[in-house]
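Reproduced below: coords.cif, with mmCIF, C-alpha atoms.
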data_structure
loop_
_atom_site.group_PDB
_atom_site.id
_atom_site.type_symbol
_atom_site.label_atom_id
_atom_site.label_comp_id
_atom_site.auth_asym_id
_atom_site.auth_seq_id
_atom_site.Cartn_x
_atom_site.Cartn_y
_atom_site.Cartn_z
ATOM 1 C CA MET K 1 -294.440 -72.884 -217.255
ATOM 2 C CA SER K 2 -296.057 -75.791 -215.401
ATOM 3 C CA ARG K 3 -294.856 -79.401 -215.426
ATOM 4 C CA ASN K 4 -297.807 -80.312 -217.662
ATOM 5 C CA GLU K 5 -297.051 -77.639 -220.263
ATOM 6 C CA PRO K 6 -294.684 -79.849 -222.374
ATOM 7 C CA MET K 7 -297.290 -82.612 -222.317
ATOM 8 C CA ARG K 8 -299.990 -80.220 -223.569
ATOM 9 C CA TRP K 9 -297.658 -79.084 -226.360
ATOM 10 C CA THR K 10 -297.029 -82.718 -227.392
ATOM 11 C CA ARG K 11 -300.755 -83.493 -227.394
ATOM 12 C CA ARG K 12 -301.452 -80.433 -229.549
ATOM 13 C CA ALA K 13 -298.682 -81.406 -231.994
ATOM 14 C CA ASP K 14 -300.059 -84.959 -232.176
ATOM 15 C CA ALA K 15 -303.595 -83.650 -232.828
ATOM 16 C CA ARG K 16 -302.316 -81.368 -235.634
ATOM 17 C CA ALA K 17 -300.424 -84.271 -237.196
ATOM 18 C CA ARG K 18 -303.506 -86.507 -237.126
ATOM 19 C CA ARG K 19 -305.691 -83.812 -238.724
ATOM 20 C CA SER K 20 -303.191 -83.371 -241.557
ATOM 21 C CA GLY K 21 -303.023 -87.119 -242.202
ATOM 22 C CA ARG K 22 -299.456 -87.504 -240.923
ATOM 23 C CA SER K 23 -298.547 -89.856 -238.127
ATOM 24 C CA PRO K 24 -297.381 -88.153 -234.958
ATOM 25 C CA VAL K 25 -293.639 -88.106 -234.248
ATOM 26 C CA THR K 26 -292.863 -88.822 -230.651
ATOM 27 C CA ARG K 27 -289.658 -88.230 -228.770
ATOM 28 C CA THR K 28 -289.298 -91.978 -228.379
ATOM 29 C CA SER K 29 -289.394 -92.559 -232.143
ATOM 30 C CA VAL K 30 -286.783 -89.844 -232.696
ATOM 31 C CA VAL K 31 -284.513 -91.336 -230.037
ATOM 32 C CA LEU K 32 -284.930 -94.830 -231.501
ATOM 33 C CA ALA K 33 -284.089 -93.544 -234.973
ATOM 34 C CA VAL K 34 -280.911 -91.859 -233.713
ATOM 35 C CA VAL K 35 -279.850 -94.989 -231.808
ATOM 36 C CA ALA K 36 -280.456 -97.194 -234.854
ATOM 37 C CA LEU K 37 -278.491 -94.866 -237.120
ATOM 38 C CA SER K 38 -275.639 -94.751 -234.631
ATOM 39 C CA ALA K 39 -275.562 -98.538 -234.395
ATOM 40 C CA LEU K 40 -275.383 -98.882 -238.165
ATOM 41 C CA THR K 41 -272.501 -96.472 -238.566
ATOM 42 C CA ALA K 42 -270.528 -97.147 -235.391
ATOM 43 C CA CYS K 43 -267.115 -98.738 -235.259
ATOM 44 C CA THR K 44 -265.477 -99.089 -231.880
ATOM 45 C CA SER K 45 -261.854 -98.216 -231.205
ATOM 46 C CA SER K 46 -261.368 -101.743 -229.876
ATOM 47 C CA GLY K 47 -261.754 -103.072 -233.416
ATOM 48 C CA THR K 48 -264.806 -105.168 -232.674
ATOM 49 C CA ALA K 49 -266.756 -103.951 -235.703
ATOM 50 C CA VAL K 50 -266.089 -106.436 -238.455
ATOM 51 C CA THR K 51 -267.380 -104.467 -241.432
ATOM 52 C CA THR K 52 -265.261 -101.315 -241.342
ATOM 53 C CA PRO K 53 -261.718 -102.739 -241.605
ATOM 54 C CA PHE K 54 -262.535 -104.784 -244.698
ATOM 55 C CA ALA K 55 -262.287 -102.768 -247.883
ATOM 56 C CA THR K 56 -263.946 -103.869 -251.102
ATOM 57 C CA SER K 57 -261.095 -102.892 -253.426
ATOM 58 C CA PRO K 58 -258.342 -105.471 -253.968
ATOM 59 C CA PRO K 59 -255.127 -104.851 -252.028
ATOM 60 C CA HIS K 60 -251.807 -104.066 -253.733
ATOM 61 C CA LEU K 61 -249.664 -106.986 -252.618
ATOM 62 C CA GLN K 62 -246.215 -108.380 -253.342
ATOM 63 C CA SER K 63 -246.030 -111.628 -255.300
ATOM 64 C CA GLY K 64 -244.509 -113.994 -252.700
ATOM 65 C CA PRO K 65 -246.319 -116.991 -251.194
ATOM 66 C CA THR K 66 -248.448 -116.282 -248.130
ATOM 67 C CA TYR K 67 -246.525 -118.848 -246.062
ATOM 68 C CA GLU K 68 -243.238 -117.007 -246.531
ATOM 69 C CA VAL K 69 -242.066 -114.878 -243.598
ATOM 70 C CA LYS K 70 -239.664 -112.044 -244.357
ATOM 71 C CA VAL K 71 -238.910 -108.529 -243.173
ATOM 72 C CA GLY K 72 -240.516 -105.320 -244.374
ATOM 73 C CA HIS K 73 -240.547 -101.706 -243.303
ATOM 74 C CA VAL K 74 -243.314 -99.735 -241.604
ATOM 75 C CA VAL K 75 -242.834 -95.996 -241.087
ATOM 76 C CA GLY K 76 -242.747 -95.292 -237.355
ATOM 77 C CA LEU K 77 -241.969 -98.904 -236.455
ATOM 78 C CA GLY K 78 -238.929 -99.783 -238.559
ATOM 79 C CA THR K 79 -238.172 -103.307 -239.733
ATOM 80 C CA VAL K 80 -240.998 -105.747 -238.959
ATOM 81 C CA LEU K 81 -242.071 -109.255 -239.931
ATOM 82 C CA VAL K 82 -244.325 -109.557 -242.987
ATOM 83 C CA ASP K 83 -245.725 -112.415 -245.021
ATOM 84 C CA GLY K 84 -244.679 -113.210 -248.595
ATOM 85 C CA GLN K 85 -247.165 -110.656 -249.916
ATOM 86 C CA GLY K 86 -245.707 -107.914 -247.731
ATOM 87 C CA LEU K 87 -248.546 -107.753 -245.176
ATOM 88 C CA THR K 88 -247.539 -107.031 -241.590
ATOM 89 C CA LEU K 89 -247.605 -109.922 -239.121
ATOM 90 C CA TYR K 90 -248.646 -109.647 -235.470
ATOM 91 C CA LEU K 91 -248.405 -111.518 -232.207
ATOM 92 C CA TYR K 92 -251.226 -111.764 -229.674
ATOM 93 C CA SER K 93 -250.063 -110.817 -226.179
ATOM 94 C CA THR K 94 -252.479 -113.325 -224.644
ATOM 95 C CA ASP K 95 -250.704 -116.208 -226.401
ATOM 96 C CA GLN K 96 -247.770 -117.775 -224.623
ATOM 97 C CA GLN K 97 -244.451 -117.907 -226.401
ATOM 98 C CA GLY K 98 -243.740 -121.520 -227.379
ATOM 99 C CA ALA K 99 -247.366 -122.644 -226.913
ATOM 100 C CA PRO K 100 -250.267 -123.076 -229.376
ATOM 101 C CA SER K 101 -252.548 -120.173 -230.209
ATOM 102 C CA ARG K 102 -255.284 -119.021 -227.866
ATOM 103 C CA CYS K 103 -257.064 -117.111 -230.640
ATOM 104 C CA TYR K 104 -260.181 -118.947 -231.839
ATOM 105 C CA GLY K 105 -263.769 -118.101 -232.784
ATOM 106 C CA ILE K 106 -264.377 -114.398 -233.421
ATOM 107 C CA CYS K 107 -260.750 -113.695 -232.503
ATOM 108 C CA ALA K 108 -259.545 -115.825 -235.435
ATOM 109 C CA VAL K 109 -262.075 -114.134 -237.728
ATOM 110 C CA GLN K 110 -260.807 -110.682 -236.824
ATOM 111 C CA TRP K 111 -257.146 -111.776 -236.682
ATOM 112 C CA PRO K 112 -256.676 -114.582 -239.238
ATOM 113 C CA PRO K 113 -253.846 -116.910 -238.220
ATOM 114 C CA LEU K 114 -251.009 -117.273 -240.716
ATOM 115 C CA VAL K 115 -251.299 -120.945 -241.662
ATOM 116 C CA LEU K 116 -249.559 -123.293 -244.044
ATOM 117 C CA PRO K 117 -251.611 -124.029 -247.162
ATOM 118 C CA THR K 118 -252.638 -127.619 -247.816
ATOM 119 C CA GLY K 119 -249.725 -129.586 -249.240
ATOM 120 C CA GLN K 120 -247.000 -127.459 -247.611
ATOM 121 C CA SER K 121 -245.012 -128.945 -244.751
ATOM 122 C CA ARG K 122 -243.094 -125.881 -243.570
ATOM 123 C CA PRO K 123 -242.948 -122.114 -243.977
ATOM 124 C CA ILE K 124 -240.396 -120.335 -246.131
ATOM 125 C CA ALA K 125 -237.731 -118.195 -244.451
ATOM 126 C CA GLY K 126 -237.493 -115.101 -246.638
ATOM 127 C CA PRO K 127 -234.989 -112.240 -246.603
ATOM 128 C CA GLY K 128 -234.000 -111.043 -243.124
ATOM 129 C CA ILE K 129 -235.438 -114.082 -241.311
ATOM 130 C CA ARG K 130 -233.480 -116.443 -239.054
ATOM 131 C CA PRO K 131 -234.635 -119.923 -240.166
ATOM 132 C CA ALA K 132 -234.036 -121.384 -236.676
ATOM 133 C CA LEU K 133 -236.769 -119.060 -235.290
ATOM 134 C CA LEU K 134 -239.365 -120.082 -237.896
ATOM 135 C CA GLY K 135 -241.708 -122.949 -237.031
ATOM 136 C CA THR K 136 -245.308 -124.137 -236.826
ATOM 137 C CA SER K 137 -247.858 -124.941 -234.156
ATOM 138 C CA LEU K 138 -250.902 -127.173 -234.557
ATOM 139 C CA ARG K 139 -254.311 -125.478 -234.299
ATOM 140 C CA ARG K 140 -257.486 -127.184 -233.038
ATOM 141 C CA ASP K 141 -258.811 -127.477 -236.604
ATOM 142 C CA GLY K 142 -255.710 -129.433 -237.669
ATOM 143 C CA THR K 143 -254.065 -126.600 -239.628
ATOM 144 C CA SER K 144 -250.461 -125.606 -238.943
ATOM 145 C CA GLN K 145 -250.035 -122.011 -237.791
ATOM 146 C CA ILE K 146 -246.722 -120.392 -238.617
ATOM 147 C CA THR K 147 -244.700 -119.244 -235.611
ATOM 148 C CA TYR K 148 -241.626 -117.083 -235.166
ATOM 149 C CA ASN K 149 -239.492 -117.187 -232.041
ATOM 150 C CA GLY K 150 -242.301 -119.316 -230.576
ATOM 151 C CA TRP K 151 -245.039 -116.716 -231.216
ATOM 152 C CA PRO K 152 -248.032 -117.742 -233.357
ATOM 153 C CA LEU K 153 -248.402 -115.210 -236.199
ATOM 154 C CA TYR K 154 -251.543 -113.386 -237.339
ATOM 155 C CA LEU K 155 -252.719 -110.942 -239.997
ATOM 156 C CA TRP K 156 -254.963 -107.902 -239.501
ATOM 157 C CA PRO K 157 -257.410 -107.481 -242.435
ATOM 158 C CA ALA K 158 -257.382 -103.674 -242.148
ATOM 159 C CA ASP K 159 -253.791 -103.740 -243.429
ATOM 160 C CA ARG K 160 -254.439 -103.634 -247.163
ATOM 161 C CA ALA K 161 -250.923 -103.074 -248.521
ATOM 162 C CA PRO K 162 -247.266 -103.506 -247.573
ATOM 163 C CA GLY K 163 -246.043 -100.883 -245.128
ATOM 164 C CA GLN K 164 -249.277 -100.695 -243.112
ATOM 165 C CA ALA K 165 -249.565 -101.702 -239.449
ATOM 166 C CA THR K 166 -252.988 -100.424 -238.375
ATOM 167 C CA GLY K 167 -253.299 -103.208 -235.789
ATOM 168 C CA GLN K 168 -250.186 -102.130 -233.865
ATOM 169 C CA ALA K 169 -250.812 -101.883 -230.091
ATOM 170 C CA LEU K 170 -254.525 -102.446 -230.671
ATOM 171 C CA THR K 171 -256.537 -103.820 -227.742
ATOM 172 C CA ASN K 172 -258.870 -106.397 -229.252
ATOM 173 C CA ALA K 173 -260.234 -109.883 -228.560
ATOM 174 C CA GLY K 174 -259.071 -109.806 -224.954
ATOM 175 C CA GLY K 175 -255.485 -108.751 -225.494
ATOM 176 C CA LEU K 176 -252.968 -106.479 -227.155
ATOM 177 C CA TRP K 177 -251.539 -107.021 -230.635
ATOM 178 C CA TYR K 178 -247.995 -106.105 -231.640
ATOM 179 C CA VAL K 179 -245.783 -106.304 -234.700
ATOM 180 C CA LEU K 180 -242.551 -108.267 -234.348
ATOM 181 C CA ASP K 181 -238.953 -107.286 -235.026
ATOM 182 C CA PRO K 182 -236.555 -109.614 -236.951
ATOM 183 C CA ALA K 183 -235.449 -111.195 -233.639
ATOM 184 C CA GLY K 184 -239.067 -112.248 -233.009
ATOM 185 C CA ASN K 185 -239.804 -109.819 -230.192
ATOM 186 C CA ALA K 186 -242.841 -107.558 -229.886
ATOM 187 C CA ILE K 187 -242.300 -103.921 -230.784
ATOM 188 C CA HIS K 188 -244.034 -102.034 -227.972
ATOM 189 C CA THR K 189 -244.868 -98.650 -229.456
ATOM 190 C CA ALA K 190 -248.081 -96.707 -229.661
ATOM 191 C CA SER K 191 -250.743 -97.473 -232.218
ATOM 192 C CA LEU K 192 -250.208 -96.070 -235.706
ATOM 193 C CA ALA K 193 -253.937 -96.071 -236.574
#
Could you render the structure from this file as structure tokens?
Amino acid sequence: MSRNEPMRWTRRADARARRSGRSPVTRTSVVLAVVALSALTACTSSGTAVTTPFATSPPHLQSGPTYEVKVGHVVGLGTVLVDGQGLTLYLYSTDQQGAPSRCYGICAVQWPPLVLPTGQSRPIAGPGIRPALLGTSLRRDGTSQITYNGWPLYLWPADRAPGQATGQALTNAGGLWYVLDPAGNAIHTASLA
């Protein structure tokens, strides 16, 4: 078969398509269609796709206030920090313990900071929490982010119910994310997702 044989085949296929009233399908259009479909359905392991982690059904949460910090249990991780609704809390390894958050912009969209609601002056220390380790840090927008053992705390929207920690050891937004133990230290185990 000569180098021009595939080109002759393509020209013949295009001519047949035109005679039948159909538009010719080229390799380029097929490749573009596959790329577009892949882009629409892709979700990277780094967690950068914003649409996939957010479910449309309401989560099954506990009834405590969001600005309460307490302990909960996650299979494979043990006792971890959670908010008043039972959702797992995380620290961002790029933050510095005892310093304000470094997570802003798309980072704060993907990892919402745990902040005090308007009208509240301090977080609630729930069961299993050492009140002396609980505090706040001022964010650029003027809100107060809740901290524990000096670490700013965050939520991961893919966690839809108590007992989930799908953000554990996830590399995202320029750093690693870890759950915290009741002493306020990162639990360095593999991802559970």
Between K:Val75, K:Leu81, K:Ala169, K:Ala161, which is the closest to Gln62 in chain K once you count all atoms listed in the file? K:Ala161
Skipping near chain neighbours, those fewer than 3 positions away, what residues fall within 9 Å of Val179 in chain K using all atoms listed in the file, listed as a list in words? Leu77, Val80, Leu81, Thr88, Leu89, Tyr90, Leu91, Ala165, Gly167, Gln168, Ala169, Asn185, Ala186, Ile187 and His188 of chain K
Pull the closest atom pair for each residue of range 54-92 of chain K that gets at most 8 Å from range 125-144 of chain K, along with the distance in Å to one decimal, counting all atoms listed in the file, ordering rows by chain and then ascending residue number, as JSON lines.
{"residue": "K:Glu68", "atom": "CA", "partner": "K:Ala125", "partner_atom": "CA", "distance": 6.0}
{"residue": "K:Val69", "atom": "CA", "partner": "K:Gly126", "partner_atom": "CA", "distance": 5.5}
{"residue": "K:Lys70", "atom": "CA", "partner": "K:Gly126", "partner_atom": "CA", "distance": 4.4}
{"residue": "K:Val71", "atom": "CA", "partner": "K:Gly128", "partner_atom": "CA", "distance": 5.5}
{"residue": "K:Gly84", "atom": "CA", "partner": "K:Gly126", "partner_atom": "CA", "distance": 7.7}
Write a file of the just-selected residues containing C-alpha atoms, as a compact mmCIF listing (two decimals), in the frame of the given file.
# COMPACT_ATOMS: atom_id res chain seq x y z
CA GLU K 68 -243.24 -117.01 -246.53
CA VAL K 69 -242.07 -114.88 -243.60
CA LYS K 70 -239.66 -112.04 -244.36
CA VAL K 71 -238.91 -108.53 -243.17
CA GLY K 84 -244.68 -113.21 -248.60
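Atom to atom, CA of Ser121 in chain K and CA of Trp177 in chain K stand 26.9 Å apart.
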Calculate how many Å separate CA of His60 in chain K from CA of Gln164 in chain K, rounding to one decimal. 11.4 Å
To one decimal place, how far is CA of Pro157 in chain K from CA of Leu114 in chain K in Å?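 Answer for the CA of Pro157 in chain K to CA of Leu114 in chain K separation: 11.8 Å.
Across K:Pro112, K:Gly78, K:Ile106, K:Thr94, the tightest approach to Tyr154 in chain K is made by K:Pro112 when counting only C-alpha atoms.
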Nearest to Asn149 in chain K by atom-to-atom distance, counting only C-alpha atoms, from K:Pro123, K:Gly174, K:Pro117, K:Gly184: K:Gly184
Here is a test: counting all atoms listed in the file, which residue of K:Thr189, K:Gln97, K:Thr66, K:Thr171 is nearest to Trp111 in chain K?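 Distance minimum relative to Trp111 in chain K lands on K:Thr171.
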Return as a PDB file with C-alpha atoms, keeping the file's coordinate frame the set of residues that the PyMOL selection byres ((chain K and resi 101) around 9) yields on the displayed structure.
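File written: selection15.pdb
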ATOM      1  CA  TYR K  92    -251.226-111.764-229.674  1.00  0.00           C
ATOM      2  CA  THR K  94    -252.479-113.325-224.644  1.00  0.00           C
ATOM      3  CA  ASP K  95    -250.704-116.208-226.401  1.00  0.00           C
ATOM      4  CA  GLN K  96    -247.770-117.775-224.623  1.00  0.00           C
ATOM      5  CA  ALA K  99    -247.366-122.644-226.913  1.00  0.00           C
ATOM      6  CA  PRO K 100    -250.267-123.076-229.376  1.00  0.00           C
ATOM      7  CA  ARG K 102    -255.284-119.021-227.866  1.00  0.00           C
ATOM      8  CA  CYS K 103    -257.064-117.111-230.640  1.00  0.00           C
ATOM      9  CA  TYR K 104    -260.181-118.947-231.839  1.00  0.00           C
ATOM     10  CA  PRO K 113    -253.846-116.910-238.220  1.00  0.00           C
ATOM     11  CA  SER K 137    -247.858-124.941-234.156  1.00  0.00           C
ATOM     12  CA  LEU K 138    -250.902-127.173-234.557  1.00  0.00           C
ATOM     13  CA  ARG K 139    -254.311-125.478-234.299  1.00  0.00           C
ATOM     14  CA  GLN K 145    -250.035-122.011-237.791  1.00  0.00           C
ATOM     15  CA  TRP K 151    -245.039-116.716-231.216  1.00  0.00           C
ATOM     16  CA  PRO K 152    -248.032-117.742-233.357  1.00  0.00           C
ATOM     17  CA  LEU K 153    -248.402-115.210-236.199  1.00  0.00           C
TER      18      LEU K 153
END
Shortest interatomic distance to Val115 in chain K - which of K:Ala158, K:Thr147, K:Leu61, K:Ser93, counting all atoms listed in the file: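 Smallest distance to Val115 in chain K is found for K:Thr147.
With all atoms listed in the file as the atoms that count, the residue of K:Asp159, K:Ile124, K:Ile146, K:Ala108 with the shortest distance to Asn172 in chain K is K:Ala108.
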